[in-house]
Structure formats: C-alpha cells, structure tokens
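Taking it in order: structure first as structure tokens, then the write-up.
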Amino acid sequence: MKETLIIAGFGGQGVLSMGKILAYAGVMQDFEVTWMPSYGPEMRGGTANVTVILSDRRISSPIAHEFDTAIILNQQSMDKFESQVKPGGTLIYDVNGITHHPERKDINIYSINATEECAKMGNAKLFNTMILGGYLKVCPVVSMDNVMTGLKKSLPERAWKMLPANEEAIRHGGEIITAVHTL
Amino acid sequence: MAEKEVKLMKGNEVIAHAAIRYGCDGYFGYPITPQSEVMETLMELKPWETTGMVVLQAESEVSSINMVYGGAATGKRVMTSSSSPGVSLMSEGLSYLAGAELPCLVVNCQRGGPGLGTIQPSQGDYFQACKGGAHGDFHLIVLAPNSVQEMHDFVADAFDLAFKYRNPAMILADGAIGQMMEKVTLSPQRPRKTDAEIEAECHSWAAYGKPADRERNVVTSLELRSEEMEKINQRLQAKYKAMEENEVRYEAIECDDADYVIVAFGSSARICSATVEIARAEGVKVGLLRPITLYPFPKKVLAELAERGVKGFLSAELNAGQMVEDVRLAVNGKAPVEHYGRQGGSIFTPDEVFKALKDKIINR
C-alpha cells in the first residue's frame, strides 16, 4: 500500500491540519509516514499545500511529481495540481470558488460542497474535517478509530470539546461527497 | 523520563528533543525561518526544570555563537541553531571556536540565498560548511541528515565527534528536513555530565575553575609568534587528517552493479533514492552514493566506484554546483562528472533528476 496525497488550498482552510490528522492516523496504523508542507510567511490568505505519503514500506522521496489523490480547495490549486494526478488516480474538490471545473477523463473526480454544509452546521471550522470525511469515504486508507486518535493528537487539549462535532463533520462529509466522473 | 518512544515530529522539533535527551548543557539561539521550531520546542519543553539545561534567546546570532564559545570553553556541551543568513553572522565565531579547539554543535537549517534570499529549502551553504566558511585554515565536522530520525541521531553523533576531536561540528540540514514530519524513535534520557565528569574529561584544556594541582588553562585562538602559530596549524591539520581516516560516513544504495551513480546528500538524497527506483524499473542500472559526512568527504569510495568502471556520476544538489567539485576531485578524471541542481528554494523531483542523468550523462 502506498498513498501519495496532496491537499492544496488557502492558508486558514486547515490544509496542513488535515494532513497532520491523516499522518497521525497513519502512524497509529503502523504505516511509514511523511508530511511535507509548503510553508510560507503568511498565515491566512496565501496558498498552502501539504504532501502526505502513507506506505507500508520505507518512503524514499517525501517530494512527489505525481499524486494518487489530490484534494483541491481553491482555483489556483486546481490550475496547478489537476494535471499532476496519476492516470487512474483521484481528484476531490470543494466547489466553492471553483470557476474552471476539472476536465480530465482518465481520473476519478469527486466534488463536495463542504463550505455550504459547514455554514448549515453553523461552524466554518469543521470545513477540513468534513473534506477529510469525504476523502476517507472514497479512499479508506486509515480506519475511523485511528482518524479520531489522530484528530485528538493534533488538537490541543483545550479544543477536545470540539471532537464530537468534528466526528459528525467527518461522517457528514462521507454522505455529501458526489461522484462527478468515475472510471 | 520516558524510555524509547515513537513520535510524529518535524525535523526542527526533534533537534530540541534530541538535545535534551543527549544531556546537552546549553542552547543559545536567535529565531529565523525555517529553523525557529528548534528554540520554540525547547521553550515549550522547559528543560531547565528537568535536566537543568540552559535555553537562552540571545540578542543576535553573533551573541549566540559567542555564548556557545563561552560555554564550550568550560567543557560544557553547548549548541546553537540557525538558518543560512544567521550562520553567516556566526562565521567569525566558528573560526574562533575552531582556532581555540572548542567542541560544540551548530545546526544549519539551510534556506535559499544569497543575502536574505528566501525561506524555502536550499543546499547553497555546502561551500560555507565544508570549506571553512570563515578565515583561516580550518574545517568543521559536517553531518548531513536525510530524515527526521537522522536529525535526532546526529545530535548525539555530532556532540560525540566534536568532543572526540575538540572541534566544532555542524548538522547541515535544510528547510525541507526541518519542516517535514516523519516517525521518529526518541532515545532514552541521558543525564548531563557532572562537574566531576567534565573535570575528568576536559582537565587538560577547559576553563572550569583552576584546581590547585595544575597550571591554569587558557582558552584562546591568539598566538602572535609565527613559529608557534604554525605548530598549532600543523596540529589542526593532523586532526583533520585523522578525521578523514576514521570518520567518513556514507550510504551506498544499489551501487554494487551500477553503471551510473548519483551523488546527493540530505533532502536531495531522499529525492534521488526515488530516482534510483524509477531508473531500475526502466532497466537502467543507477545507484546512489549519499555522503553522510560532508566533511570528511567520502572520497575513497567514489574513487573505487570510478575505478570499478562506473560510466558517469551526477551530483544532484539544491545549488548551482558545489559538492560536484569534491566529486570531481575524488573521481579524478576517470569518468564524466556532471551537476544537476535547482536553486532559490526550488526543489527537483525524482523524475527531473532521472531526465538530467539521461541528458547530461547517459545519452550524451
């Protein structure tokens, strides 16, 4: 098993945190793990992305030029990463703010409207875990138990009261993800 | 404290954990991206409450390195960390530390230069780290980690080598290794050296307080008599020769039957190990020689590979071509040696390196 994943969007969307939850879950599941962020001086508003690799073997390069899965959360990232999904791979995107939808026919494409659903749930902070739920529905690389452990480990203790809401967001993400084009 | 533990951590964070667990006596630093997590983690872990380790934010890198000089002069295990522009500010201090033969650890988490440059990863400080980087004939011991685990392990290794040779040691990392998270096994906590142990170990040179039974120790790099200064230089050179004979470390991946060998260190070596996988899958016999010690450089194994009939070497570095000079000296004209690099914070991918190998060596 080897999953090479890129999560890309704006700073502040929880891109790096989502990768961290997956990385922790991967450790719990006894995978080798790398979490390689693009890091910048900006905290919010700039582009942010993270490459996460989960593997049952030693990981050679933490830097990849093509991905099994891309989770894309803004147009700039779509422009940059749609072409870097491996043929037969998977692209998941949040539709909010996307003006040019993905057009490739040789990959699986799923959309999710987490921006709107989070607004309905009354908490925009659940955005990244809802997306994560959608991803795990399509690519169940780690178990839900390990994801919840990963979530707990990546949150400071004062935020643990948010765990049930996040668990609900992950579950709901799995319900609302929609196939746009599958092979 | 706890025994061996597996954690998920950034390379920079692990430097802090490793220093405490090694029994480091003091850290003096000044923040700079992409290495700021080193001191941030130390401040969070508050080792002064457990092991008694001092953690101090100095007013500048010039102060940090001179605080390191002061701590090292008393036989303590002290360290600093910075990123490229900050290390440049430390270069005078490094020359003084080498001249006074003081052991210490300096971590450089490189970023793109020259000047203030960028905060993204680079390997542009190879020359600075390996060729002295400041005035006078001296060398640092330079270790290049390629994983978060090695960031951990090399803290202990660098301190041990620094004390073995009474010479400053550097961990030459970069923004990629510093910012990346991976699984790491932390070592058990070791006690800091006691005063009695420091006295036993550093009796002949350290200024920890003069006992009645010996003359005072003077820690200095100043010697105005040229005959004496030449002797000091000869002693330093003998020390470097001993390092070259005894301390060379490298990792050879699939080099035994390789027709072509990529030479790469640190984060580049991780990328190039995937290049080897891609090339082998296409039936091209490519190996990777990863220098772990950049100084002393693994010249002998490169010469042996060239002697054995390797048809060409590609030095893949995140710079305009620095280590390639050492590879050329080692191969000594027996096979073509080319360089491939990206600069300014850009990173090459495994397939880009394979393309460069084909263009510059295999198909030329």
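Simple scheme: letters A, B, ... for chains in structure tokens order, numbers from 1 for residues in each chain, numbers from 1 for ligands in the order shown.
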
Select, as a PDB file with all heavy atoms, in the first residue's frame, those residues of chain A with any atom no more than 10 Å from chain B (distances computed using only C-alpha atoms).
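See out_38.pdb below for the written result:
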```pdb
ATOM      1  N   LYS A  20      -2.038  16.610   8.875  1.00  0.00           N
ATOM      2  CA  LYS A  20      -1.483  16.158  10.151  1.00  0.00           C
ATOM      3  C   LYS A  20      -2.354  15.054  10.765  1.00  0.00           C
ATOM      4  O   LYS A  20      -1.836  14.067  11.282  1.00  0.00           O
ATOM      5  CB  LYS A  20      -1.442  17.354  11.105  1.00  0.00           C
ATOM      6  CG  LYS A  20      -0.238  17.415  12.008  1.00  0.00           C
ATOM      7  CD  LYS A  20      -0.279  18.761  12.714  1.00  0.00           C
ATOM      8  CE  LYS A  20       0.921  19.019  13.566  1.00  0.00           C
ATOM      9  NZ  LYS A  20       0.884  20.359  14.141  1.00  0.00           N
ATOM     10  N   ALA A  23      -1.658  11.982   8.916  1.00  0.00           N
ATOM     11  CA  ALA A  23      -0.324  11.477   9.229  1.00  0.00           C
ATOM     12  C   ALA A  23      -0.328  10.751  10.579  1.00  0.00           C
ATOM     13  O   ALA A  23       0.217   9.655  10.713  1.00  0.00           O
ATOM     14  CB  ALA A  23       0.689  12.618   9.228  1.00  0.00           C
ATOM     15  N   TYR A  24      -0.971  11.366  11.570  1.00  0.00           N
ATOM     16  CA  TYR A  24      -1.076  10.714  12.886  1.00  0.00           C
ATOM     17  C   TYR A  24      -1.825   9.387  12.770  1.00  0.00           C
ATOM     18  O   TYR A  24      -1.414   8.378  13.345  1.00  0.00           O
ATOM     19  CB  TYR A  24      -1.808  11.621  13.880  1.00  0.00           C
ATOM     20  CG  TYR A  24      -0.919  12.602  14.612  1.00  0.00           C
ATOM     21  CD1 TYR A  24      -1.141  13.977  14.534  1.00  0.00           C
ATOM     22  CD2 TYR A  24       0.125  12.158  15.418  1.00  0.00           C
ATOM     23  CE1 TYR A  24      -0.341  14.886  15.206  1.00  0.00           C
ATOM     24  CE2 TYR A  24       0.931  13.049  16.104  1.00  0.00           C
ATOM     25  CZ  TYR A  24       0.688  14.419  15.998  1.00  0.00           C
ATOM     26  OH  TYR A  24       1.483  15.303  16.670  1.00  0.00           O
ATOM     27  N   GLY A  26      -2.017   7.534  10.225  1.00  0.00           N
ATOM     28  CA  GLY A  26      -1.111   6.600   9.554  1.00  0.00           C
ATOM     29  C   GLY A  26      -0.122   5.977  10.526  1.00  0.00           C
ATOM     30  O   GLY A  26       0.169   4.783  10.466  1.00  0.00           O
ATOM     31  N   VAL A  27       0.400   6.788  11.436  1.00  0.00           N
ATOM     32  CA  VAL A  27       1.331   6.273  12.452  1.00  0.00           C
ATOM     33  C   VAL A  27       0.616   5.226  13.315  1.00  0.00           C
ATOM     34  O   VAL A  27       1.153   4.155  13.593  1.00  0.00           O
ATOM     35  CB  VAL A  27       1.887   7.411  13.331  1.00  0.00           C
ATOM     36  CG1 VAL A  27       2.695   6.851  14.502  1.00  0.00           C
ATOM     37  CG2 VAL A  27       2.754   8.353  12.506  1.00  0.00           C
ATOM     38  N   ASP A  30       0.453   1.940  11.850  1.00  0.00           N
ATOM     39  CA  ASP A  30       1.763   1.323  11.624  1.00  0.00           C
ATOM     40  C   ASP A  30       2.319   1.543  10.225  1.00  0.00           C
ATOM     41  O   ASP A  30       3.154   0.788   9.763  1.00  0.00           O
ATOM     42  CB  ASP A  30       1.701  -0.188  11.914  1.00  0.00           C
ATOM     43  CG  ASP A  30       2.703  -0.544  13.003  1.00  0.00           C
ATOM     44  OD1 ASP A  30       3.325   0.398  13.536  1.00  0.00           O
ATOM     45  OD2 ASP A  30       2.873  -1.737  13.293  1.00  0.00           O
ATOM     46  N   PHE A  31       1.848   2.591   9.542  1.00  0.00           N
ATOM     47  CA  PHE A  31       2.417   2.940   8.250  1.00  0.00           C
ATOM     48  C   PHE A  31       3.678   3.783   8.442  1.00  0.00           C
ATOM     49  O   PHE A  31       3.844   4.435   9.478  1.00  0.00           O
ATOM     50  CB  PHE A  31       1.429   3.776   7.422  1.00  0.00           C
ATOM     51  CG  PHE A  31       0.285   2.988   6.847  1.00  0.00           C
ATOM     52  CD1 PHE A  31      -1.010   3.475   6.912  1.00  0.00           C
ATOM     53  CD2 PHE A  31       0.508   1.776   6.207  1.00  0.00           C
ATOM     54  CE1 PHE A  31      -2.073   2.766   6.371  1.00  0.00           C
ATOM     55  CE2 PHE A  31      -0.551   1.056   5.658  1.00  0.00           C
ATOM     56  CZ  PHE A  31      -1.841   1.548   5.749  1.00  0.00           C
ATOM     57  N   GLU A  32       4.537   3.777   7.427  1.00  0.00           N
ATOM     58  CA  GLU A  32       5.556   4.813   7.322  1.00  0.00           C
ATOM     59  C   GLU A  32       4.836   6.068   6.829  1.00  0.00           C
ATOM     60  O   GLU A  32       3.901   5.972   6.017  1.00  0.00           O
ATOM     61  CB  GLU A  32       6.662   4.417   6.349  1.00  0.00           C
ATOM     62  CG  GLU A  32       7.476   3.217   6.791  1.00  0.00           C
ATOM     63  CD  GLU A  32       8.128   3.437   8.139  1.00  0.00           C
ATOM     64  OE1 GLU A  32       8.691   4.519   8.353  1.00  0.00           O
ATOM     65  OE2 GLU A  32       8.065   2.526   8.984  1.00  0.00           O
ATOM     66  N   VAL A  33       5.280   7.221   7.300  1.00  0.00           N
ATOM     67  CA  VAL A  33       4.545   8.457   7.044  1.00  0.00           C
ATOM     68  C   VAL A  33       5.516   9.600   6.747  1.00  0.00           C
ATOM     69  O   VAL A  33       6.520   9.749   7.431  1.00  0.00           O
ATOM     70  CB  VAL A  33       3.729   8.838   8.302  1.00  0.00           C
ATOM     71  CG1 VAL A  33       3.143  10.229   8.164  1.00  0.00           C
ATOM     72  CG2 VAL A  33       2.626   7.829   8.554  1.00  0.00           C
ATOM     73  N   THR A  34       5.229  10.407   5.720  1.00  0.00           N
ATOM     74  CA  THR A  34       5.901  11.711   5.614  1.00  0.00           C
ATOM     75  C   THR A  34       4.826  12.786   5.417  1.00  0.00           C
ATOM     76  O   THR A  34       3.807  12.548   4.770  1.00  0.00           O
ATOM     77  CB  THR A  34       6.897  11.803   4.437  1.00  0.00           C
ATOM     78  OG1 THR A  34       6.197  11.589   3.224  1.00  0.00           O
ATOM     79  CG2 THR A  34       8.021  10.800   4.554  1.00  0.00           C
ATOM     80  N   TRP A  35       5.076  13.937   6.018  1.00  0.00           N
ATOM     81  CA  TRP A  35       4.180  15.107   5.939  1.00  0.00           C
ATOM     82  C   TRP A  35       5.069  16.273   5.554  1.00  0.00           C
ATOM     83  O   TRP A  35       5.925  16.684   6.330  1.00  0.00           O
ATOM     84  CB  TRP A  35       3.546  15.308   7.314  1.00  0.00           C
ATOM     85  CG  TRP A  35       2.657  16.503   7.502  1.00  0.00           C
ATOM     86  CD1 TRP A  35       1.301  16.547   7.368  1.00  0.00           C
ATOM     87  CD2 TRP A  35       3.039  17.816   7.963  1.00  0.00           C
ATOM     88  NE1 TRP A  35       0.837  17.802   7.694  1.00  0.00           N
ATOM     89  CE2 TRP A  35       1.876  18.597   8.060  1.00  0.00           C
ATOM     90  CE3 TRP A  35       4.262  18.406   8.290  1.00  0.00           C
ATOM     91  CZ2 TRP A  35       1.889  19.926   8.479  1.00  0.00           C
ATOM     92  CZ3 TRP A  35       4.290  19.736   8.701  1.00  0.00           C
ATOM     93  CH2 TRP A  35       3.099  20.476   8.793  1.00  0.00           C
ATOM     94  N   MET A  36       4.930  16.721   4.297  1.00  0.00           N
ATOM     95  CA  MET A  36       5.862  17.729   3.762  1.00  0.00           C
ATOM     96  C   MET A  36       5.071  18.978   3.384  1.00  0.00           C
ATOM     97  O   MET A  36       4.365  18.985   2.391  1.00  0.00           O
ATOM     98  CB  MET A  36       6.548  17.111   2.536  1.00  0.00           C
ATOM     99  CG  MET A  36       7.560  18.010   1.886  1.00  0.00           C
ATOM    100  SD  MET A  36       9.118  18.003   2.749  1.00  0.00           S
ATOM    101  CE  MET A  36       9.478  19.734   2.694  1.00  0.00           C
ATOM    102  N   PRO A  37       5.154  20.027   4.189  1.00  0.00           N
ATOM    103  CA  PRO A  37       4.343  21.212   3.901  1.00  0.00           C
ATOM    104  C   PRO A  37       5.035  22.157   2.928  1.00  0.00           C
ATOM    105  O   PRO A  37       6.255  22.185   2.831  1.00  0.00           O
ATOM    106  CB  PRO A  37       4.263  21.884   5.274  1.00  0.00           C
ATOM    107  CG  PRO A  37       5.587  21.573   5.905  1.00  0.00           C
ATOM    108  CD  PRO A  37       5.996  20.210   5.377  1.00  0.00           C
ATOM    109  N   SER A  38       4.229  22.920   2.197  1.00  0.00           N
ATOM    110  CA  SER A  38       4.774  24.143   1.624  1.00  0.00           C
ATOM    111  C   SER A  38       4.586  25.146   2.753  1.00  0.00           C
ATOM    112  O   SER A  38       3.516  25.203   3.336  1.00  0.00           O
ATOM    113  CB  SER A  38       3.971  24.586   0.412  1.00  0.00           C
ATOM    114  OG  SER A  38       2.719  25.103   0.811  1.00  0.00           O
ATOM    115  N   TYR A  39       5.607  25.822   3.128  1.00  0.00           N
ATOM    116  CA  TYR A  39       5.451  26.733   4.244  1.00  0.00           C
ATOM    117  C   TYR A  39       5.764  28.135   3.763  1.00  0.00           C
ATOM    118  O   TYR A  39       6.558  28.336   2.859  1.00  0.00           O
ATOM    119  CB  TYR A  39       6.353  26.338   5.415  1.00  0.00           C
ATOM    120  CG  TYR A  39       7.810  26.219   5.042  1.00  0.00           C
ATOM    121  CD1 TYR A  39       8.679  27.291   5.194  1.00  0.00           C
ATOM    122  CD2 TYR A  39       8.313  25.052   4.516  1.00  0.00           C
ATOM    123  CE1 TYR A  39      10.005  27.188   4.839  1.00  0.00           C
ATOM    124  CE2 TYR A  39       9.643  24.944   4.151  1.00  0.00           C
ATOM    125  CZ  TYR A  39      10.484  26.016   4.318  1.00  0.00           C
ATOM    126  OH  TYR A  39      11.792  25.909   3.947  1.00  0.00           O
ATOM    127  N   GLY A  40       5.087  29.108   4.320  1.00  0.00           N
ATOM    128  CA  GLY A  40       5.295  30.471   3.848  1.00  0.00           C
ATOM    129  C   GLY A  40       5.178  31.442   4.989  1.00  0.00           C
ATOM    130  O   GLY A  40       4.815  31.056   6.097  1.00  0.00           O
ATOM    131  N   PRO A  41       5.464  32.719   4.739  1.00  0.00           N
ATOM    132  CA  PRO A  41       5.379  33.718   5.798  1.00  0.00           C
ATOM    133  C   PRO A  41       3.941  34.049   6.154  1.00  0.00           C
ATOM    134  O   PRO A  41       3.664  34.558   7.222  1.00  0.00           O
ATOM    135  CB  PRO A  41       6.097  34.923   5.203  1.00  0.00           C
ATOM    136  CG  PRO A  41       6.029  34.738   3.730  1.00  0.00           C
ATOM    137  CD  PRO A  41       5.940  33.271   3.474  1.00  0.00           C
ATOM    138  N   VAL A  50       0.160  20.604   1.306  1.00  0.00           N
ATOM    139  CA  VAL A  50       0.953  19.616   2.037  1.00  0.00           C
ATOM    140  C   VAL A  50       0.890  18.292   1.288  1.00  0.00           C
ATOM    141  O   VAL A  50      -0.156  17.919   0.758  1.00  0.00           O
ATOM    142  CB  VAL A  50       0.466  19.468   3.495  1.00  0.00           C
ATOM    143  CG1 VAL A  50      -0.976  18.990   3.571  1.00  0.00           C
ATOM    144  CG2 VAL A  50       1.364  18.520   4.294  1.00  0.00           C
ATOM    145  N   THR A  51       2.048  17.646   1.201  1.00  0.00           N
ATOM    146  CA  THR A  51       2.117  16.311   0.611  1.00  0.00           C
ATOM    147  C   THR A  51       2.196  15.296   1.740  1.00  0.00           C
ATOM    148  O   THR A  51       3.094  15.394   2.580  1.00  0.00           O
ATOM    149  CB  THR A  51       3.371  16.165  -0.285  1.00  0.00           C
ATOM    150  OG1 THR A  51       3.331  17.178  -1.286  1.00  0.00           O
ATOM    151  CG2 THR A  51       3.431  14.800  -0.936  1.00  0.00           C
ATOM    152  N   VAL A  52       1.254  14.373   1.784  1.00  0.00           N
ATOM    153  CA  VAL A  52       1.282  13.311   2.791  1.00  0.00           C
ATOM    154  C   VAL A  52       1.465  11.982   2.069  1.00  0.00           C
ATOM    155  O   VAL A  52       0.753  11.709   1.096  1.00  0.00           O
ATOM    156  CB  VAL A  52      -0.023  13.283   3.621  1.00  0.00           C
ATOM    157  CG1 VAL A  52      -0.001  12.134   4.626  1.00  0.00           C
ATOM    158  CG2 VAL A  52      -0.235  14.610   4.334  1.00  0.00           C
ATOM    159  N   ILE A  53       2.421  11.207   2.523  1.00  0.00           N
ATOM    160  CA  ILE A  53       2.610   9.866   1.954  1.00  0.00           C
ATOM    161  C   ILE A  53       2.429   8.841   3.063  1.00  0.00           C
ATOM    162  O   ILE A  53       3.036   8.973   4.140  1.00  0.00           O
ATOM    163  CB  ILE A  53       4.009   9.713   1.295  1.00  0.00           C
ATOM    164  CG1 ILE A  53       4.226  10.814   0.244  1.00  0.00           C
ATOM    165  CG2 ILE A  53       4.158   8.328   0.669  1.00  0.00           C
ATOM    166  CD1 ILE A  53       5.593  10.797  -0.419  1.00  0.00           C
ATOM    167  N   ILE A  59       9.658   5.043   2.891  1.00  0.00           N
ATOM    168  CA  ILE A  59       9.336   6.059   1.886  1.00  0.00           C
ATOM    169  C   ILE A  59      10.641   6.682   1.397  1.00  0.00           C
ATOM    170  O   ILE A  59      11.401   7.219   2.193  1.00  0.00           O
ATOM    171  CB  ILE A  59       8.400   7.136   2.472  1.00  0.00           C
ATOM    172  CG1 ILE A  59       7.079   6.490   2.918  1.00  0.00           C
ATOM    173  CG2 ILE A  59       8.155   8.249   1.462  1.00  0.00           C
ATOM    174  CD1 ILE A  59       6.219   7.380   3.791  1.00  0.00           C
ATOM    175  N   SER A  60      10.869   6.593   0.071  1.00  0.00           N
ATOM    176  CA  SER A  60      12.104   7.192  -0.445  1.00  0.00           C
ATOM    177  C   SER A  60      11.948   8.706  -0.475  1.00  0.00           C
ATOM    178  O   SER A  60      12.338   9.394   0.461  1.00  0.00           O
ATOM    179  CB  SER A  60      12.463   6.612  -1.814  1.00  0.00           C
ATOM    180  OG  SER A  60      11.350   6.653  -2.681  1.00  0.00           O
ATOM    181  N   SER A  61      11.322   9.236  -1.508  1.00  0.00           N
ATOM    182  CA  SER A  61      11.225  10.699  -1.605  1.00  0.00           C
ATOM    183  C   SER A  61       9.957  11.227  -0.934  1.00  0.00           C
ATOM    184  O   SER A  61       8.860  10.763  -1.228  1.00  0.00           O
ATOM    185  CB  SER A  61      11.220  11.111  -3.075  1.00  0.00           C
ATOM    186  OG  SER A  61      11.021  12.508  -3.152  1.00  0.00           O
ATOM    187  N   PRO A  62      10.089  12.220  -0.047  1.00  0.00           N
ATOM    188  CA  PRO A  62       8.902  12.861   0.522  1.00  0.00           C
ATOM    189  C   PRO A  62       8.289  13.872  -0.448  1.00  0.00           C
ATOM    190  O   PRO A  62       7.242  14.440  -0.172  1.00  0.00           O
ATOM    191  CB  PRO A  62       9.449  13.573   1.763  1.00  0.00           C
ATOM    192  CG  PRO A  62      10.880  13.862   1.431  1.00  0.00           C
ATOM    193  CD  PRO A  62      11.339  12.760   0.497  1.00  0.00           C
ATOM    194  N   ILE A  63       8.988  14.097  -1.568  1.00  0.00           N
ATOM    195  CA  ILE A  63       8.530  15.060  -2.570  1.00  0.00           C
ATOM    196  C   ILE A  63       8.123  14.292  -3.818  1.00  0.00           C
ATOM    197  O   ILE A  63       8.860  13.423  -4.276  1.00  0.00           O
ATOM    198  CB  ILE A  63       9.644  16.084  -2.864  1.00  0.00           C
ATOM    199  CG1 ILE A  63       9.812  16.944  -1.616  1.00  0.00           C
ATOM    200  CG2 ILE A  63       9.323  16.936  -4.087  1.00  0.00           C
ATOM    201  CD1 ILE A  63      11.052  17.698  -1.512  1.00  0.00           C
ATOM    202  N   ALA A  64       6.929  14.586  -4.332  1.00  0.00           N
ATOM    203  CA  ALA A  64       6.408  13.810  -5.454  1.00  0.00           C
ATOM    204  C   ALA A  64       6.098  14.731  -6.627  1.00  0.00           C
ATOM    205  O   ALA A  64       5.846  15.919  -6.449  1.00  0.00           O
ATOM    206  CB  ALA A  64       5.146  13.075  -5.026  1.00  0.00           C
ATOM    207  N   HIS A  65       6.142  14.180  -7.837  1.00  0.00           N
ATOM    208  CA  HIS A  65       5.753  14.972  -9.008  1.00  0.00           C
ATOM    209  C   HIS A  65       4.400  14.528  -9.530  1.00  0.00           C
ATOM    210  O   HIS A  65       3.842  15.148 -10.410  1.00  0.00           O
ATOM    211  CB  HIS A  65       6.822  14.877 -10.098  1.00  0.00           C
ATOM    212  CG  HIS A  65       7.003  13.489 -10.631  1.00  0.00           C
ATOM    213  ND1 HIS A  65       7.703  12.528  -9.937  1.00  0.00           N
ATOM    214  CD2 HIS A  65       6.559  12.898 -11.758  1.00  0.00           C
ATOM    215  CE1 HIS A  65       7.698  11.402 -10.635  1.00  0.00           C
ATOM    216  NE2 HIS A  65       7.002  11.594 -11.730  1.00  0.00           N
ATOM    217  N   GLU A  66       3.879  13.401  -9.011  1.00  0.00           N
ATOM    218  CA  GLU A  66       2.511  12.998  -9.363  1.00  0.00           C
ATOM    219  C   GLU A  66       1.879  12.333  -8.145  1.00  0.00           C
ATOM    220  O   GLU A  66       2.576  11.780  -7.297  1.00  0.00           O
ATOM    221  CB  GLU A  66       2.490  12.087 -10.589  1.00  0.00           C
ATOM    222  CG  GLU A  66       3.422  10.901 -10.487  1.00  0.00           C
ATOM    223  CD  GLU A  66       3.321   9.965 -11.683  1.00  0.00           C
ATOM    224  OE1 GLU A  66       2.762  10.361 -12.712  1.00  0.00           O
ATOM    225  OE2 GLU A  66       3.800   8.831 -11.561  1.00  0.00           O
TER     226      GLU A  66
END
```

Exercise for the section: Taking the DSSP assignment computed from this structure's backbone, write out as a PyMOL selection string all residues of range 11-123 of chain B that belong to strand (DSSP E or B). Expected result: chain B and resi 26-29+54-57+78-82+104-111+121

Problem - Between CA of Asp56 in chain A and CA of Ile170 in chain A, distance in Å (one decimal) - result: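 Answer for the CA of Asp56 in chain A to CA of Ile170 in chain A separation: 24.6 Å.
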
Exercise for the section: Would you list the contacts of range 158-168 of chain B as a PyMOL selection string, taking every protein, DNA or RNA residue within 8 Å and counting only C-alpha atoms, but skipping same-chain residues closer than 4 positions in sequence? Expected result: chain B and resi 77+94+97-98+101-106+140-141+143+154+239

Problem - Residue contacts of Leu91 in chain A (9 Å, only C-alpha atoms) excluding same-chain residues fewer than 6 positions away, as a list of chain:residue names - result: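 Final neighbour list, sorted by chain and number: A:Asp68, A:Thr69, A:Ala70, A:Ile71, A:Ile72, A:Glu82, A:Val85, A:Pro102, A:Ile107, A:Asn108, A:Ile109, A:Tyr110, A:Ser111.
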
Handout entry: Polymer residues at most 8 Å from Val78 in chain B, only C-alpha atoms, same-chain spacing of 6 or more positions, as a ChimeraX atom specification
Key = /B:24-28,68,71-72,104-105

Problem - Given only C-alpha atoms as the counted atoms, nearest of B:Asp195, B:Tyr30, B:Cys255, B:Gly266 to Arg280 in chain B - result: B:Cys255

Practice task
Write out as a PyMOL selection string each polymer residue whose atoms come within 8 Å of Ser84 in chain B, counting only C-alpha atoms; drop sequence neighbours fewer than 3 positions from it.
Solution key: chain B and resi 87-88+108-113+125

Would you export the selected residues with N, CA and C atoms as a PDB file, in the first residue's frame, please?
```
ATOM      1  N   VAL B  87      23.744  31.881  10.022  1.00  0.00           N
ATOM      2  CA  VAL B  87      25.019  31.161  10.129  1.00  0.00           C
ATOM      3  C   VAL B  87      26.155  32.032   9.594  1.00  0.00           C
ATOM      4  N   SER B  88      25.861  32.841   8.568  1.00  0.00           N
ATOM      5  CA  SER B  88      26.890  33.766   8.078  1.00  0.00           C
ATOM      6  C   SER B  88      27.335  34.711   9.196  1.00  0.00           C
ATOM      7  N   ASN B 108      22.565  24.062  11.000  1.00  0.00           N
ATOM      8  CA  ASN B 108      22.163  24.994   9.945  1.00  0.00           C
ATOM      9  C   ASN B 108      21.027  24.383   9.154  1.00  0.00           C
ATOM     10  N   CYS B 109      19.844  24.968   9.299  1.00  0.00           N
ATOM     11  CA  CYS B 109      18.671  24.521   8.533  1.00  0.00           C
ATOM     12  C   CYS B 109      18.581  25.452   7.325  1.00  0.00           C
ATOM     13  N   GLN B 110      19.272  25.064   6.239  1.00  0.00           N
ATOM     14  CA  GLN B 110      19.529  25.991   5.134  1.00  0.00           C
ATOM     15  C   GLN B 110      18.279  26.487   4.411  1.00  0.00           C
ATOM     16  N   ARG B 111      18.350  27.746   3.976  1.00  0.00           N
ATOM     17  CA  ARG B 111      17.343  28.331   3.098  1.00  0.00           C
ATOM     18  C   ARG B 111      18.042  28.948   1.888  1.00  0.00           C
ATOM     19  N   GLY B 112      17.239  29.352   0.902  1.00  0.00           N
ATOM     20  CA  GLY B 112      17.813  29.846  -0.342  1.00  0.00           C
ATOM     21  C   GLY B 112      18.460  31.208  -0.186  1.00  0.00           C
ATOM     22  N   GLY B 113      19.618  31.400  -0.770  1.00  0.00           N
ATOM     23  CA  GLY B 113      20.326  32.665  -0.753  1.00  0.00           C
ATOM     24  C   GLY B 113      20.685  33.044  -2.161  1.00  0.00           C
ATOM     25  N   ASP B 125      24.707  26.258   1.035  1.00  0.00           N
ATOM     26  CA  ASP B 125      25.751  26.544   2.026  1.00  0.00           C
ATOM     27  C   ASP B 125      26.776  25.423   2.131  1.00  0.00           C
TER      28      ASP B 125
END
```

Practice task
Give me, please, the distance in Å between CA of Met67 in chain B and CA of Glu230 in chain B, quoted to one decimal.
Solution key: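 So the answer is 27.7 Å.
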
Exercise for the section: Would you mind listing what lies within 12 Å of Gly133 in chain A as number ranges by chain, with only C-alpha atoms counted and same-chain residues fewer than 6 positions away left out? Expected result: A: 18, 21-22, 71, 92, 112, 114, 126-127, 139-144, 147-148, 166-177

Completion exercise
For Gln84 in chain A, the closest of A:Leu163, A:Phe67, A:Gln29, A:Lys125 counting only C-alpha atoms is A:Phe67

Problem - Selected residue, from B:Thr74, B:Ser64, B:Gln35, B:Ser122, that lies nearest to Ala206 in chain B when counting only C-alpha atoms - result: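 Nearest candidate to Ala206 in chain B out of B:Thr74, B:Ser64, B:Gln35, B:Ser122: B:Thr74.
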
Exercise for the section: Compare B:Gly29, B:Pro336, B:Gly99, B:Pro298 by their minimum atom-to-atom distance to Ile361 in chain B, counting only C-alpha atoms, and give me the closest one. Expected result: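 So, comparing all the options, the nearest one is B:Pro336.
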
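If you look at CA of Met28 in chain A and CA of Lys152 in chain A, they are 12.1 Å away from each other.
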
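Distances to Ala356 in chain B were evaluated for B:Gly321, B:Gly341, B:Gly11, B:Gly136 using only C-alpha atoms, and the minimum falls at B:Gly341.
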
Exercise for the section: Enumerate the residues of range 276-314 of chain B with a DSSP assignment of helix (DSSP H, G or I), computed from the backbone, and present them as number ranges by chain. Expected result: B: 276-281, 299-308
